[in-house]
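Colleague: Sharing a structure below in structure tokens format, with a few things to ask.
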Amino acid sequence: MRTQVAIIGAGPAGLVLSHLLHLRGIESVVVERRSREYVEKRVRAGVLEQGTVDLLRATGVSAGLDRDGLPHHGIELLFDGVSHRIPLTELSGGRSITIYGQQRVVSDLTEARLAAGGQLYFSADDVVVDPAVPRVTFMHEGQRVELDCDFIAGCDGFHGVCREVLPSATSYEREYPFAWLGILADVAPSNDELVYANTDRGFALLSLRSPTVSRLYLQVDPLEDLAAWSDDRVWDELHVRLAHSGWSLKEGPVLEKAITPMRSFVCEPMQHGRLFLAGDAAHIVPPTGAKGLNLAIHDVHVLAEAMGDWYDSGRSTGLDAYSATCLRRVWRVQHFSWWMTSMLHSFPGEDPFQQRLQRSQLEYVVSSSAAATKLAENYVGLPWT
Ligand code: APR
Ligand code: PHB
């Protein structure tokens with residue numbers, strides 16, 4: 001079998017890339033290890049930057065987003081029991097974020113690709129990529145498939161196979177001494193806007209997925225046993241960490257509960273020969289800035305433009321610059337995500353000096369419009385260049 005671009009992974013990066021290539025008349029085949037049902041049910045992030053929303057709209061895949069997406073114009077930072085609003089839209093020249101679950105993006109895009117005759121292979125086993133040919137081989141429904149192509153796009157997430165075959169890449173990494181315990185709860189959100197809370201018991205976050213479903217997180221030890229966290233214990237801790245005057249947290253049935261480790265990771269360069277990495281395959285950010293999905297979409301936008309240019313005119317300038325172009329934004333977002341994480345979490349064993357620096361940073365962000373603007377413009381997403 002032959003295609004122009006073999007895409008490994010049907011997460012947001014792989015699916016959006018396949019869609020963007022299709023709009024440029026470039027054929028692709030998406031090869032995904034998991035079943036379609038698994039990929040569409042996986043609960044992940046839910047904050048779309050302005051640039052991500054603009055791209056989904058401009059490329060005709062925003063019907064669900066336009067119907068169910070919830071635009072937000074501010075977030076709250078809670079510390080010392082007092083909540084402070086950061087007016088994102090006011091401080092960022094009218095930009096905003098939209099709450100729309102990642103799995104909704106994934107199912108919208110899967111549907112759009114299938115409706116347009118796109119080739120998606122779910123439940124593919126033993127995926128092997130050979131960037132030298134380039135060729136991808138895999139098992140599908142008991143058959144061995146050989147897929148020859150012009151390019152391979154490694155959109156297979158942090159635990160995928162594509163990064164492994166990139167020779168002489170350098171990794172830059174930070175592990176954090178904490179994780180997030182996240183729940184999805186069948187209850188209307190207790191607040192109109194997201195609340196990021198810094199407390200001496202650790203960080204907490206109130207978020208949402210819809211007018212009737214809340215998403216909440218607690219900072220926990222990375223080795224914490226999920227079984228030690230009954231629903232009651234989770235709610236009790238959320239009550240304590242999110243408490244502030246004139247406000248109360250509504251409880252509801254817990255639909256999902258999981259612990260996610262936190263790390264920062266970048267692989268440089270993001271390309272070798274005809275193999276291009278995009279999204280979590282190339283970089284991971286801690287979730288505090290809500291950036292992982294958005295960064296993945298930016299990568300594939302750059303990649304689709306560069307491939308389009310190559311097919312249209314034979315020019316390889318865009319492809320040659322792919323890694324450097326993406327890495328500029330990757331490092332800006334790495335810094336922002338690390339900064340938000342450092343400002344909001346309790347670091348085990350941190351000394352009183354460190355704690356006072358953190359408090360001063362929080363007070364500065366909520367009292368200086370210059371400092372709040374830095375947060376706002378990064379949070380809604382700096383304009384794409
Ligand atoms: N072969 C085929 N598919 C694979 C393989 C493999 N060897 N390994 C992993 N995959 C698939 C995964 O099952 C997953 O569906 O690749 C996909 C990668 O998708 P994501 O992990 O969602 O990564 P990405 O598309 O880059 O999305 C960006 O941002 O919000 C964050 O981490 C969150 O997933 C999100 C990411
Ligand atoms: C989420 O709703 O899942 C979410 C929101 C904000 C974050 C991270 C995750 O910073």
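Ordering of the structure tokens sets the chain letters (A, B, ...), residue numbers begin anew at 1 in every chain, and ligands are numbered from 1 in the order given.
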Using only C-alpha atoms, which protein or nucleic acid residues come within 7 Å of region 288-302 of chain A? Drop anything in the same chain fewer than 3 positions from it, and give the result as a ChimeraX atom specification.
Modeller: /A:12-13,17,45,47-49,52,278-280,284-285,305-306,322,326,330,336-337,340-341,379
Colleague: Write to file, as a PDB file, in the first residue's frame, the residues of the selection just made, with N, CA and C atoms.
Modeller:
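Result file follows (selection-v7.pdb):
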```pdb
ATOM      1  N   PRO A  12      -5.232  14.166  18.992  1.00  0.00           N
ATOM      2  CA  PRO A  12      -5.497  15.450  18.327  1.00  0.00           C
ATOM      3  C   PRO A  12      -4.455  15.787  17.259  1.00  0.00           C
ATOM      4  N   ALA A  13      -3.171  15.511  17.521  1.00  0.00           N
ATOM      5  CA  ALA A  13      -2.140  15.881  16.541  1.00  0.00           C
ATOM      6  C   ALA A  13      -2.339  15.109  15.238  1.00  0.00           C
ATOM      7  N   LEU A  17      -3.760  16.825  11.760  1.00  0.00           N
ATOM      8  CA  LEU A  17      -2.818  16.825  10.628  1.00  0.00           C
ATOM      9  C   LEU A  17      -3.462  16.176   9.401  1.00  0.00           C
ATOM     10  N   ALA A  45      -7.383  16.744  28.512  1.00  0.00           N
ATOM     11  CA  ALA A  45      -7.535  18.174  28.798  1.00  0.00           C
ATOM     12  C   ALA A  45      -8.829  18.748  28.199  1.00  0.00           C
ATOM     13  N   VAL A  47      -9.101  22.671  27.587  1.00  0.00           N
ATOM     14  CA  VAL A  47      -9.033  24.117  27.366  1.00  0.00           C
ATOM     15  C   VAL A  47      -8.433  24.388  25.978  1.00  0.00           C
ATOM     16  N   LEU A  48      -9.198  25.025  25.124  1.00  0.00           N
ATOM     17  CA  LEU A  48      -8.702  25.365  23.775  1.00  0.00           C
ATOM     18  C   LEU A  48      -8.306  26.845  23.731  1.00  0.00           C
ATOM     19  N   GLU A  49      -7.097  27.084  23.255  1.00  0.00           N
ATOM     20  CA  GLU A  49      -6.649  28.457  23.045  1.00  0.00           C
ATOM     21  C   GLU A  49      -7.426  29.085  21.893  1.00  0.00           C
ATOM     22  N   THR A  52      -6.337  27.721  18.500  1.00  0.00           N
ATOM     23  CA  THR A  52      -6.856  26.375  18.223  1.00  0.00           C
ATOM     24  C   THR A  52      -8.303  26.465  17.744  1.00  0.00           C
ATOM     25  N   ALA A 278       5.302  15.355  16.113  1.00  0.00           N
ATOM     26  CA  ALA A 278       4.398  16.456  16.452  1.00  0.00           C
ATOM     27  C   ALA A 278       3.644  16.114  17.729  1.00  0.00           C
ATOM     28  N   GLY A 279       3.315  17.127  18.529  1.00  0.00           N
ATOM     29  CA  GLY A 279       2.530  16.932  19.755  1.00  0.00           C
ATOM     30  C   GLY A 279       3.328  16.255  20.857  1.00  0.00           C
ATOM     31  N   ASP A 280       2.599  15.468  21.665  1.00  0.00           N
ATOM     32  CA  ASP A 280       3.215  14.830  22.839  1.00  0.00           C
ATOM     33  C   ASP A 280       4.382  13.905  22.471  1.00  0.00           C
ATOM     34  N   ILE A 284       6.255  17.359  26.237  1.00  0.00           N
ATOM     35  CA  ILE A 284       5.217  17.246  27.262  1.00  0.00           C
ATOM     36  C   ILE A 284       5.308  18.484  28.147  1.00  0.00           C
ATOM     37  N   VAL A 285       4.183  19.048  28.507  1.00  0.00           N
ATOM     38  CA  VAL A 285       4.187  20.135  29.491  1.00  0.00           C
ATOM     39  C   VAL A 285       3.348  19.721  30.690  1.00  0.00           C
ATOM     40  N   GLU A 305       1.423  23.136   6.597  1.00  0.00           N
ATOM     41  CA  GLU A 305       1.838  24.228   5.690  1.00  0.00           C
ATOM     42  C   GLU A 305       3.113  23.841   4.939  1.00  0.00           C
ATOM     43  N   ALA A 306       4.070  23.292   5.701  1.00  0.00           N
ATOM     44  CA  ALA A 306       5.374  22.964   5.106  1.00  0.00           C
ATOM     45  C   ALA A 306       5.237  21.840   4.074  1.00  0.00           C
ATOM     46  N   TYR A 322      10.967  23.256  10.003  1.00  0.00           N
ATOM     47  CA  TYR A 322       9.878  22.766  10.866  1.00  0.00           C
ATOM     48  C   TYR A 322      10.271  22.708  12.347  1.00  0.00           C
ATOM     49  N   CYS A 326       8.758  25.172  15.294  1.00  0.00           N
ATOM     50  CA  CYS A 326       7.936  24.646  16.383  1.00  0.00           C
ATOM     51  C   CYS A 326       8.605  24.862  17.738  1.00  0.00           C
ATOM     52  N   VAL A 330       7.353  25.925  21.437  1.00  0.00           N
ATOM     53  CA  VAL A 330       7.444  24.876  22.463  1.00  0.00           C
ATOM     54  C   VAL A 330       8.144  25.414  23.708  1.00  0.00           C
ATOM     55  N   PHE A 336       6.141  28.951  30.288  1.00  0.00           N
ATOM     56  CA  PHE A 336       4.875  29.364  30.908  1.00  0.00           C
ATOM     57  C   PHE A 336       4.304  28.247  31.800  1.00  0.00           C
ATOM     58  N   SER A 337       4.348  27.015  31.303  1.00  0.00           N
ATOM     59  CA  SER A 337       3.771  25.896  32.061  1.00  0.00           C
ATOM     60  C   SER A 337       4.588  25.632  33.336  1.00  0.00           C
ATOM     61  N   MET A 340       3.754  28.612  35.792  1.00  0.00           N
ATOM     62  CA  MET A 340       2.446  28.427  36.452  1.00  0.00           C
ATOM     63  C   MET A 340       2.533  27.318  37.497  1.00  0.00           C
ATOM     64  N   THR A 341       3.211  26.234  37.132  1.00  0.00           N
ATOM     65  CA  THR A 341       3.343  25.091  38.039  1.00  0.00           C
ATOM     66  C   THR A 341       4.105  25.508  39.298  1.00  0.00           C
ATOM     67  N   TYR A 379      -1.746  32.477  28.544  1.00  0.00           N
ATOM     68  CA  TYR A 379      -2.830  31.527  28.825  1.00  0.00           C
ATOM     69  C   TYR A 379      -3.787  31.394  27.633  1.00  0.00           C
TER      70      TYR A 379
END
```
Colleague: Which protein, DNA or RNA residues have an atom within 6 Å of ligand 1, counting only C-alpha atoms and all ligand atoms, as a VMD selection string?
Modeller: chain A and resid 8 to 14 31 to 34 39 44 to 45 127 155 to 157 159 to 161 279 to 281 292 to 293 296
Colleague: Generate the output file for the selected residues, N, CA, C and O atoms, as an mmCIF file, in the first residue's frame.
Modeller:
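Listing of again_2.cif after writing:
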```
data_model
loop_
_atom_site.group_PDB
_atom_site.id
_atom_site.type_symbol
_atom_site.label_atom_id
_atom_site.label_comp_id
_atom_site.auth_asym_id
_atom_site.auth_seq_id
_atom_site.Cartn_x
_atom_site.Cartn_y
_atom_site.Cartn_z
ATOM 1 N N ILE A 8 1.258 8.365 12.423
ATOM 2 C CA ILE A 8 1.167 7.401 13.507
ATOM 3 C C ILE A 8 0.482 8.079 14.687
ATOM 4 O O ILE A 8 1.002 9.049 15.254
ATOM 5 N N GLY A 9 -0.691 7.559 15.085
ATOM 6 C CA GLY A 9 -1.412 8.111 16.240
ATOM 7 C C GLY A 9 -2.644 8.893 15.835
ATOM 8 O O GLY A 9 -2.576 9.782 14.985
ATOM 9 N N ALA A 10 -3.793 8.524 16.414
ATOM 10 C CA ALA A 10 -5.051 9.233 16.142
ATOM 11 C C ALA A 10 -5.486 10.034 17.366
ATOM 12 O O ALA A 10 -6.635 10.025 17.780
ATOM 13 N N GLY A 11 -4.518 10.746 17.966
ATOM 14 C CA GLY A 11 -4.846 11.755 18.975
ATOM 15 C C GLY A 11 -5.131 13.059 18.252
ATOM 16 O O GLY A 11 -5.240 13.077 17.015
ATOM 17 N N PRO A 12 -5.232 14.166 18.992
ATOM 18 C CA PRO A 12 -5.497 15.450 18.327
ATOM 19 C C PRO A 12 -4.455 15.787 17.259
ATOM 20 O O PRO A 12 -4.817 16.258 16.177
ATOM 21 N N ALA A 13 -3.171 15.511 17.521
ATOM 22 C CA ALA A 13 -2.140 15.881 16.541
ATOM 23 C C ALA A 13 -2.339 15.109 15.238
ATOM 24 O O ALA A 13 -2.401 15.707 14.151
ATOM 25 N N GLY A 14 -2.468 13.792 15.317
ATOM 26 C CA GLY A 14 -2.580 12.978 14.113
ATOM 27 C C GLY A 14 -3.842 13.279 13.322
ATOM 28 O O GLY A 14 -3.808 13.392 12.082
ATOM 29 N N VAL A 31 -2.548 5.557 11.469
ATOM 30 C CA VAL A 31 -2.389 4.233 12.087
ATOM 31 C C VAL A 31 -2.400 4.405 13.602
ATOM 32 O O VAL A 31 -1.525 5.073 14.166
ATOM 33 N N GLU A 32 -3.401 3.838 14.261
ATOM 34 C CA GLU A 32 -3.586 4.041 15.712
ATOM 35 C C GLU A 32 -3.586 2.690 16.432
ATOM 36 O O GLU A 32 -4.260 1.758 16.018
ATOM 37 N N ARG A 33 -2.819 2.636 17.532
ATOM 38 C CA ARG A 33 -2.676 1.392 18.294
ATOM 39 C C ARG A 33 -3.962 0.981 19.014
ATOM 40 O O ARG A 33 -4.281 -0.189 19.121
ATOM 41 N N ARG A 34 -4.700 1.979 19.494
ATOM 42 C CA ARG A 34 -5.901 1.689 20.303
ATOM 43 C C ARG A 34 -7.154 1.601 19.433
ATOM 44 O O ARG A 34 -7.140 2.008 18.281
ATOM 45 N N VAL A 39 -9.992 5.580 22.200
ATOM 46 C CA VAL A 39 -9.432 6.915 21.944
ATOM 47 C C VAL A 39 -10.492 7.995 22.194
ATOM 48 O O VAL A 39 -10.206 9.045 22.760
ATOM 49 N N ARG A 44 -9.105 13.628 28.779
ATOM 50 C CA ARG A 44 -7.853 14.396 28.800
ATOM 51 C C ARG A 44 -8.187 15.855 29.076
ATOM 52 O O ARG A 44 -9.148 16.152 29.742
ATOM 53 N N ALA A 45 -7.383 16.744 28.512
ATOM 54 C CA ALA A 45 -7.535 18.174 28.798
ATOM 55 C C ALA A 45 -8.829 18.748 28.199
ATOM 56 O O ALA A 45 -9.551 18.036 27.500
ATOM 57 N N VAL A 127 3.380 -1.743 15.424
ATOM 58 C CA VAL A 127 3.676 -0.679 14.462
ATOM 59 C C VAL A 127 5.189 -0.442 14.445
ATOM 60 O O VAL A 127 5.799 -0.194 15.478
ATOM 61 N N CYS A 155 2.895 11.172 15.447
ATOM 62 C CA CYS A 155 1.933 11.861 16.313
ATOM 63 C C CYS A 155 1.471 10.878 17.376
ATOM 64 O O CYS A 155 0.288 10.841 17.739
ATOM 65 N N ASP A 156 2.406 10.036 17.836
ATOM 66 C CA ASP A 156 2.025 8.893 18.672
ATOM 67 C C ASP A 156 2.267 9.104 20.158
ATOM 68 O O ASP A 156 2.439 8.153 20.911
ATOM 69 N N GLY A 157 2.246 10.369 20.588
ATOM 70 C CA GLY A 157 2.245 10.650 22.012
ATOM 71 C C GLY A 157 3.581 10.343 22.687
ATOM 72 O O GLY A 157 4.546 9.904 22.049
ATOM 73 N N HIS A 159 4.481 8.029 24.755
ATOM 74 C CA HIS A 159 4.918 6.633 24.846
ATOM 75 C C HIS A 159 4.954 5.934 23.486
ATOM 76 O O HIS A 159 4.973 4.713 23.409
ATOM 77 N N GLY A 160 4.981 6.715 22.426
ATOM 78 C CA GLY A 160 4.956 6.126 21.082
ATOM 79 C C GLY A 160 6.308 5.571 20.645
ATOM 80 O O GLY A 160 7.277 5.562 21.417
ATOM 81 N N VAL A 161 6.369 5.116 19.392
ATOM 82 C CA VAL A 161 7.588 4.474 18.883
ATOM 83 C C VAL A 161 8.437 5.406 18.012
ATOM 84 O O VAL A 161 9.613 5.136 17.778
ATOM 85 N N GLY A 279 3.315 17.127 18.529
ATOM 86 C CA GLY A 279 2.530 16.932 19.755
ATOM 87 C C GLY A 279 3.328 16.255 20.857
ATOM 88 O O GLY A 279 4.556 16.394 20.938
ATOM 89 N N ASP A 280 2.599 15.468 21.665
ATOM 90 C CA ASP A 280 3.215 14.830 22.839
ATOM 91 C C ASP A 280 4.382 13.905 22.471
ATOM 92 O O ASP A 280 5.190 13.583 23.333
ATOM 93 N N ALA A 281 4.478 13.458 21.241
ATOM 94 C CA ALA A 281 5.612 12.621 20.827
ATOM 95 C C ALA A 281 6.916 13.400 20.975
ATOM 96 O O ALA A 281 7.966 12.816 21.217
ATOM 97 N N GLY A 292 -0.961 21.361 26.488
ATOM 98 C CA GLY A 292 -0.527 20.198 25.697
ATOM 99 C C GLY A 292 -1.242 20.074 24.364
ATOM 100 O O GLY A 292 -0.617 19.983 23.302
ATOM 101 N N LEU A 293 -2.546 20.084 24.396
ATOM 102 C CA LEU A 293 -3.347 19.934 23.177
ATOM 103 C C LEU A 293 -3.077 21.082 22.200
ATOM 104 O O LEU A 293 -2.923 20.885 20.987
ATOM 105 N N ALA A 296 0.203 20.833 20.400
ATOM 106 C CA ALA A 296 0.123 19.782 19.380
ATOM 107 C C ALA A 296 -0.525 20.335 18.104
ATOM 108 O O ALA A 296 -0.070 20.064 16.985
#
```
Colleague: Any chance you could list, as a PyMOL selection string, the residues in region 23-211 of chain A that come up helix (DSSP H, G or I) when DSSP is run on the backbone?
Modeller: chain A and resi 23+36-41+50-58+63-68+88-91+102-115+163-165
Colleague: Rank nothing, just name the residue among A:Ala116, A:Ala132, A:Ile75, A:Leu216 nearest to Val254 (chain A), using only C-alpha atoms.
Modeller: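 Smallest distance to Val254 (chain A) is found for A:Leu216.
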Colleague: Name the residues in contact with Asp126 (chain A) at a cut-off of 9 Å, using only C-alpha atoms, excluding same-chain residues fewer than 4 positions from it; report them as a JSON list (two decimals) with N, CA, C and O atoms, in the first residue's frame.
Modeller:
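Saved result, around.json, follows:
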```
[["chain", "number", "residue", "atom", "x", "y", "z"],
["A", 33, "ARG", "N", -2.82, 2.64, 17.53],
["A", 33, "ARG", "CA", -2.68, 1.39, 18.29],
["A", 33, "ARG", "C", -3.96, 0.98, 19.01],
["A", 33, "ARG", "O", -4.28, -0.19, 19.12],
["A", 137, "THR", "N", 5.13, -0.44, 8.92],
["A", 137, "THR", "CA", 4.46, -1.74, 8.84],
["A", 137, "THR", "C", 3.71, -1.99, 10.14],
["A", 137, "THR", "O", 4.12, -1.52, 11.21],
["A", 138, "PHE", "N", 2.58, -2.69, 10.03],
["A", 138, "PHE", "CA", 1.78, -2.97, 11.22],
["A", 138, "PHE", "C", 0.84, -4.15, 10.96],
["A", 138, "PHE", "O", 0.62, -4.53, 9.80],
["A", 139, "MET", "N", 0.33, -4.72, 12.05],
["A", 139, "MET", "CA", -0.65, -5.79, 11.95],
["A", 139, "MET", "C", -2.04, -5.18, 12.11],
["A", 139, "MET", "O", -2.26, -4.38, 13.01]]
```
Colleague: Calculate how many Å separate CA of Gly46 (chain A) from CA of Gly60 (chain A), rounding to one decimal.
Modeller: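 Going from CA of Gly46 (chain A) over to CA of Gly60 (chain A) covers 19.8 Å.
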Colleague: Find the residue from A:Glu363, A:Asp80, A:Glu27, A:Glu173 that sits nearest to Thr199 (chain A); use only C-alpha atoms when measuring.
Modeller: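 For Thr199 (chain A), the nearest of the given residues is A:Asp80.
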Colleague: So how many Å separate CA of Arg104 (chain A) and CA of Glu40 (chain A), to one decimal?
Modeller: 7.4 Å
Colleague: So how many Å separate CA of Arg85 (chain A) and CA of Pro286 (chain A), to one decimal?
Modeller: 22.3 Å
Colleague: Using only C-alpha atoms and all ligand atoms, find the one residue out of A:Asp108, A:Glu268, A:Glu76, A:Asp66 that sits nearest to ligand 2.
Modeller: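 Smallest distance to ligand 2 is found for A:Glu76.
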